[in-house]
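Enquirer: Here it is, the structure in full.
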Protein chains: 2
Amino acid sequence: MAGTEQVSASGERGQRPVTLTDVARLAGVSIATASKALNGRDQVAPATRQKVIAAADRLAFSPNPLARGLLAGRTGTVGLLTSDLVGRFVIPILMGAEDAFGAGKINVFLCDARGDAIREQHHLRALLSRRVDGLIVVGERTDPRPSLGKDIPVPVVYAYAPSDDPSDLSLTPDNTTAGRIAVEHLVGSGRTRIAHISGDPGYAAARARAAGIEAALGEAGLERIGDVLFSEWSERWGRDAAALLLTQHPDIDAVVCGSDQIARGVLDTARDFGRAVPEDIAVMGFDNWEVLTTNSRPELTSIDANLQELGRTAAQRVFAALDGVDVGSGTQYLPPRLVIRGSTIARR
Amino acid sequence: MAGTEQVSASGERGQRPVTLTDVARLAGVSIATASKALNGRDQVAPATRQKVIAAADRLAFSPNPLARGLLAGRTGTVGLLTSDLVGRFVIPILMGAEDAFGAGKINVFLCDARGDAIREQHHLRALLSRRVDGLIVVGERTDPRPSLGKDIPVPVVYAYAPSDDPSDLSLTPDNTTAGRIAVEHLVGSGRTRIAHISGDPGYAAARARAAGIEAALGEAGLERIGDVLFSEWSERWGRDAAALLLTQHPDIDAVVCGSDQIARGVLDTARDFGRAVPEDIAVMGFDNWEVLTTNSRPELTSIDANLQELGRTAAQRVFAALDGVDVGSGTQYLPPRLVIRGSTIARR
DNA sequence: TCTGCTGCCGAAAAGCTTTTCGGAACCGTA
DNA sequence: TACGGTTCCGAAAAGCTTTTCGGCAGCAGA
């Protein structure tokens, strides 16, 4: 009536989604031809293809993924099943996966199992019934976790927490190398009397980092000062352990801490004891949790586990497996990265 | 050959998904009857319904949501579009949404726009083309953000960061009340000389909290000690500002901090100045970011924004809107919650 | 001019569920 | 026995895309 044009150029205003039929009608061809033209199949004359593409463009057509998935068996979706309650690991992994998938081609269903096996099963079933093309399972610690089993009809990659079944594919940070890198950095900057405070020895991460630290110390011809102090992953423990250490071994010149939280505690105690960091004592942590590392005084040197890279790799593996490529199995360890800040090297 | 049974009781081993046709065949009815029986429609004899349910159970049948969505127009999926890079807000909101949706009924596509409008548009289009039933948009600060616009064919709820268009529905923490609660807690525990250190005044959260603090101070008949110290959201600023404050106003007995990070810095400086917390000075923060609040000495009293509740509410609103209920518009403010720890009340 | 081939296009089926509507069986009543 | 009404069940269509295959037209060669 009062319309300024007969047909809205921008397509239906969201009322009824544009279908391939609409495109075909506008282009004056059959839906079969329209489909082939848009999908780059080769049984279409160039002129016809152009007509169809123009029509699709004009209607802002986007194919219905449900119909496409119904037929193709592929849905273009991936499930991310996590138990990481605070999102410290899963967010970078999600970002890496999005990068690898190429934003928009694939979308990610994120489900939080909250560490509950029942809920995990529930989500797993829901994801499978949605016909996700693949699964990435993210745990909150690097200890092996129960496998989802073999009778899952889509590729599964375990990220951060490896599966306990060696026939699954798992990607996890190389904490042994991380420990080694930490010591090499300290030794390289002139430290010789190095102590080690860690967290809960029930964590594989604590043990692996410790192993790397021991190995690197040995290779440098150094002895660890004092025992490895294991307890829990908290600043409080870092403070208490540092107090113990500084009392028993006043001559240490570096402390490798099992996590950034512990390192924060150590920094506090060093201050209480009147030891300057990094001049008297170097302190470093693991995880490179920015809210902790960039806010301390001085800022904290740490080892970053490259989680975004891990997520990207996991996504690539899922993709490759989908395309029938053999992506192998077992646990693959991804190299960490040293991030140097003021707690180990004095600013000029 | 060597099979111990003719037919696997547990259904196809993930090879070909079980379809309704399989169920109908096993139950000896038509697919139409099977569908009606499973969906609780009332044109089915009880005995027949039982037969069908038993068959479905035995085959572990779950309806293909693609086919269902194709027909119904609803997909049972919701898009969560975030710009929250560290996941501090989006993870609790996701968890709340999962709670509200009832795990499994609805699944959530999580997309991270990383603060990039282009990427956000990209993800938005992808989500719409997947026919999500609704959208929740999560921002990383409580300042109004650009609306996605009106021509989105599904309900949209903005969470944490409200939309700048008042005809959209937004849910955001009530930071004014948060500030008020903070002061009331301090006053209620006997503090009278209260100072305020905040973060970047460009943030609506900083201004709203400050407004609530001023109002509550006035109602209590108190004057704020010193100016509100605005600068940035960091521990460093908390340390520096506290030093300034303690020098200029040595007689303060409480500091309200604009964030937990700032409060952590204030705790450090108080210690440096030899002031006991909470005996000499009470300190509190906002956000209740656990890694910060439960690791400090003493542990930090904070105001929790109830993000999980916010996520739950957002999901409920999306649901209600889907069912045609008018969920209103404009920005709705959700009440925060006081979490008392040792930095304001001495342990007995 | 006729045959055969190539190049394009379109009809139709497949993929799975839900819903509508027609029809069959059964019961009770006239 | 015949008929009306109720109760269930099943055939079929709709929802949208992709793929297969048949067919038509046009062209070249005989």
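The chains in the structure tokens are called A, B, ... from first to last as shown; in each chain the residues are counted from 1, and the ligands are counted from 1 in the order shown.
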With only C-alpha atoms (C1' of nucleotides) counted and 7 Å as the cut-off, give the residues of chain B in contact with chain D, each with its shortest interatomic distance in Å and the pair that gives it, as a tab-separated table.

Expert:
```
residue	atom	partner	partner_atom	distance
B:Ser30	CA	D:DG10	C1'	6.2
B:Ala32	CA	D:DG10	C1'	6.9
B:Thr33	CA	D:DC9	C1'	6.7
B:Gln43	CA	D:DC8	C1'	6.4
B:Val44	CA	D:DC8	C1'	6.1
B:Ala45	CA	D:DC8	C1'	6.6
B:Leu70	CA	D:DG15	C1'	5.5
B:Leu71	CA	D:DG15	C1'	4.6
```

Enquirer: Save out the residues we just selected, all heavy atoms, as a tab-separated table (two decimals), in the first residue's frame.

Expert:
```tsv
chain	number	residue	atom	x	y	z
B	30	SER	N	3.20	-48.38	12.74
B	30	SER	CA	3.68	-47.43	11.75
B	30	SER	C	4.50	-46.34	12.44
B	30	SER	O	4.41	-46.15	13.66
B	30	SER	CB	2.52	-46.79	11.02
B	30	SER	OG	1.92	-45.84	11.87
B	32	ALA	N	4.07	-43.26	12.23
B	32	ALA	CA	3.19	-42.22	12.76
B	32	ALA	C	2.76	-42.59	14.18
B	32	ALA	O	2.81	-41.76	15.10
B	32	ALA	CB	1.97	-42.07	11.86
B	33	THR	N	2.34	-43.80	14.36
B	33	THR	CA	1.93	-44.25	15.68
B	33	THR	C	3.09	-44.18	16.67
B	33	THR	O	2.94	-43.74	17.81
B	33	THR	CB	1.41	-45.69	15.59
B	33	THR	OG1	0.36	-45.72	14.64
B	33	THR	CG2	0.88	-46.13	16.94
B	43	GLN	N	-3.73	-40.16	20.69
B	43	GLN	CA	-4.51	-41.00	19.77
B	43	GLN	C	-3.91	-42.39	19.72
B	43	GLN	O	-3.92	-43.04	18.69
B	43	GLN	CB	-4.49	-40.36	18.39
B	43	GLN	CG	-5.00	-38.94	18.43
B	43	GLN	CD	-6.11	-38.72	17.43
B	43	GLN	OE1	-6.08	-39.28	16.34
B	43	GLN	NE2	-7.10	-37.93	17.80
B	44	VAL	N	-3.42	-42.81	20.86
B	44	VAL	CA	-2.71	-44.09	20.90
B	44	VAL	C	-3.25	-44.91	22.08
B	44	VAL	O	-3.40	-44.38	23.19
B	44	VAL	CB	-1.20	-43.86	21.08
B	44	VAL	CG1	-0.49	-45.16	21.34
B	44	VAL	CG2	-0.62	-43.14	19.89
B	45	ALA	N	-3.53	-46.17	21.83
B	45	ALA	CA	-3.99	-47.05	22.92
B	45	ALA	C	-2.85	-47.29	23.89
B	45	ALA	O	-1.69	-47.40	23.49
B	45	ALA	CB	-4.47	-48.38	22.34
B	70	LEU	N	13.78	-29.09	11.70
B	70	LEU	CA	13.44	-28.73	10.32
B	70	LEU	C	11.94	-28.50	10.20
B	70	LEU	O	11.48	-27.58	9.55
B	70	LEU	CB	13.88	-29.87	9.40
B	70	LEU	CG	13.69	-29.66	7.92
B	70	LEU	CD1	14.42	-28.41	7.46
B	70	LEU	CD2	14.20	-30.86	7.15
B	71	LEU	N	11.21	-29.35	10.87
B	71	LEU	CA	9.75	-29.28	10.78
B	71	LEU	C	9.19	-28.22	11.74
B	71	LEU	O	8.36	-27.40	11.34
B	71	LEU	CB	9.18	-30.65	11.14
B	71	LEU	CG	7.71	-30.85	10.86
B	71	LEU	CD1	7.44	-30.56	9.39
B	71	LEU	CD2	7.32	-32.27	11.18
```

Enquirer: Need the shell around segment 296-311 of chain B: protein/DNA/RNA residues with any atom at most 7 Å away, counting only C-alpha atoms (C1' of nucleotides). Skip same-chain ones fewer than 2 positions apart. Format as a count of residues only?

Expert: 30

Enquirer: What are the nearest atom pairs, with distances in Å to one decimal, for all residues of chain C that come at most 9 Å from chain B, using only C-alpha atoms (C1' of nucleotides), set out by chain and rising residue number as JSON lines?

Expert:
```
{"residue": "C:DG15", "atom": "C1'", "partner": "B:Ala67", "partner_atom": "CA", "distance": 8.4}
{"residue": "C:DC16", "atom": "C1'", "partner": "B:Ala67", "partner_atom": "CA", "distance": 5.1}
{"residue": "C:DT17", "atom": "C1'", "partner": "B:Arg68", "partner_atom": "CA", "distance": 5.2}
{"residue": "C:DT18", "atom": "C1'", "partner": "B:Leu71", "partner_atom": "CA", "distance": 7.1}
{"residue": "C:DT19", "atom": "C1'", "partner": "B:Ala32", "partner_atom": "CA", "distance": 8.8}
```

Enquirer: Could you please take those selected residues and save N, CA, C and O atoms (P, O5', C5', C4', C3', O3' and C1' of nucleotides) as a PDB file, in the first residue's frame?

Expert:
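Produced file part-v5.pdb, reproduced below:
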```
ATOM      1  P    DG C  15      18.286 -42.748   2.688  1.00  0.00           P
ATOM      2  O5'  DG C  15      18.363 -41.796   3.937  1.00  0.00           O
ATOM      3  C5'  DG C  15      19.378 -40.810   4.032  1.00  0.00           C
ATOM      4  C4'  DG C  15      18.877 -39.650   4.851  1.00  0.00           C
ATOM      5  C3'  DG C  15      17.900 -40.022   5.972  1.00  0.00           C
ATOM      6  O3'  DG C  15      18.593 -40.231   7.188  1.00  0.00           O
ATOM      7  C1'  DG C  15      17.281 -37.999   4.832  1.00  0.00           C
ATOM      8  P    DC C  16      17.941 -41.372   8.184  1.00  0.00           P
ATOM      9  O5'  DC C  16      16.805 -40.583   8.990  1.00  0.00           O
ATOM     10  C5'  DC C  16      17.195 -39.561   9.884  1.00  0.00           C
ATOM     11  C4'  DC C  16      15.962 -38.846  10.389  1.00  0.00           C
ATOM     12  C3'  DC C  16      14.934 -39.741  11.064  1.00  0.00           C
ATOM     13  O3'  DC C  16      14.858 -39.364  12.419  1.00  0.00           O
ATOM     14  C1'  DC C  16      13.910 -38.154   9.590  1.00  0.00           C
ATOM     15  P    DT C  17      13.906 -40.129  13.445  1.00  0.00           P
ATOM     16  O5'  DT C  17      12.719 -39.091  13.587  1.00  0.00           O
ATOM     17  C5'  DT C  17      12.988 -37.811  14.143  1.00  0.00           C
ATOM     18  C4'  DT C  17      11.873 -36.837  13.842  1.00  0.00           C
ATOM     19  C3'  DT C  17      10.539 -37.132  14.530  1.00  0.00           C
ATOM     20  O3'  DT C  17      10.321 -36.115  15.495  1.00  0.00           O
ATOM     21  C1'  DT C  17      10.236 -36.504  12.239  1.00  0.00           C
ATOM     22  P    DT C  18       9.149 -36.317  16.546  1.00  0.00           P
ATOM     23  O5'  DT C  18       7.977 -35.498  15.836  1.00  0.00           O
ATOM     24  C5'  DT C  18       8.174 -34.133  15.524  1.00  0.00           C
ATOM     25  C4'  DT C  18       6.991 -33.592  14.742  1.00  0.00           C
ATOM     26  C3'  DT C  18       5.626 -33.827  15.381  1.00  0.00           C
ATOM     27  O3'  DT C  18       4.934 -32.594  15.424  1.00  0.00           O
ATOM     28  C1'  DT C  18       5.603 -34.545  13.127  1.00  0.00           C
ATOM     29  P    DT C  19       3.625 -32.468  16.309  1.00  0.00           P
ATOM     30  O5'  DT C  19       2.498 -32.362  15.182  1.00  0.00           O
ATOM     31  C5'  DT C  19       2.732 -31.512  14.062  1.00  0.00           C
ATOM     32  C4'  DT C  19       1.678 -31.751  12.999  1.00  0.00           C
ATOM     33  C3'  DT C  19       0.266 -32.018  13.536  1.00  0.00           C
ATOM     34  O3'  DT C  19      -0.656 -31.269  12.773  1.00  0.00           O
ATOM     35  C1'  DT C  19       0.898 -33.746  12.052  1.00  0.00           C
TER      36       DT C  19
END
```

Enquirer: Pull out every residue of chain B that has at least one atom within 7 Å of chain A, counting only C-alpha atoms, and report them as an MDAnalysis selection string.

Expert: chainID B and resid 13:15 62 64:67 70 86:87 91 95 104 107:110 112 122:123 126 129:130 151:153 234:236 295

Enquirer: List every residue of segment 61-147 of chain B that DSSP, applied to the backbone, labels as helix (DSSP H, G or I), and write the result as a ChimeraX atom specification.

Expert: /B:65-72,90-101,117-129

Enquirer: Expressed in Å to a single decimal, how great is the separation between atom CA of Val255 of chain A and atom CA of Ala215 of chain A?

Expert: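 About the pair atom CA of Val255 of chain A and atom CA of Ala215 of chain A: they are 16.0 Å apart.
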
Enquirer: Would you please extract all strand (DSSP E) residues from segment 235-303 of chain A, as assigned by DSSP on the backbone, and give them as a compact mmCIF listing (two decimals) with C-alpha atoms, in the first residue's frame?

Expert:
```txt
# COMPACT_ATOMS: atom_id res chain seq x y z
CA ALA A 254 65.73 -18.77 43.44
CA VAL A 255 62.41 -20.49 44.04
CA VAL A 256 60.54 -22.37 41.34
CA CYS A 257 56.90 -22.53 42.30
CA ALA A 282 64.26 -15.02 41.79
CA VAL A 283 60.69 -16.36 41.88
CA MET A 284 58.71 -17.93 39.09
CA GLY A 285 55.47 -19.78 38.63
CA PHE A 286 53.55 -21.87 36.13
CA THR A 301 57.84 -14.73 35.37
CA SER A 302 55.85 -17.81 34.44
CA ILE A 303 55.54 -20.72 32.04
```
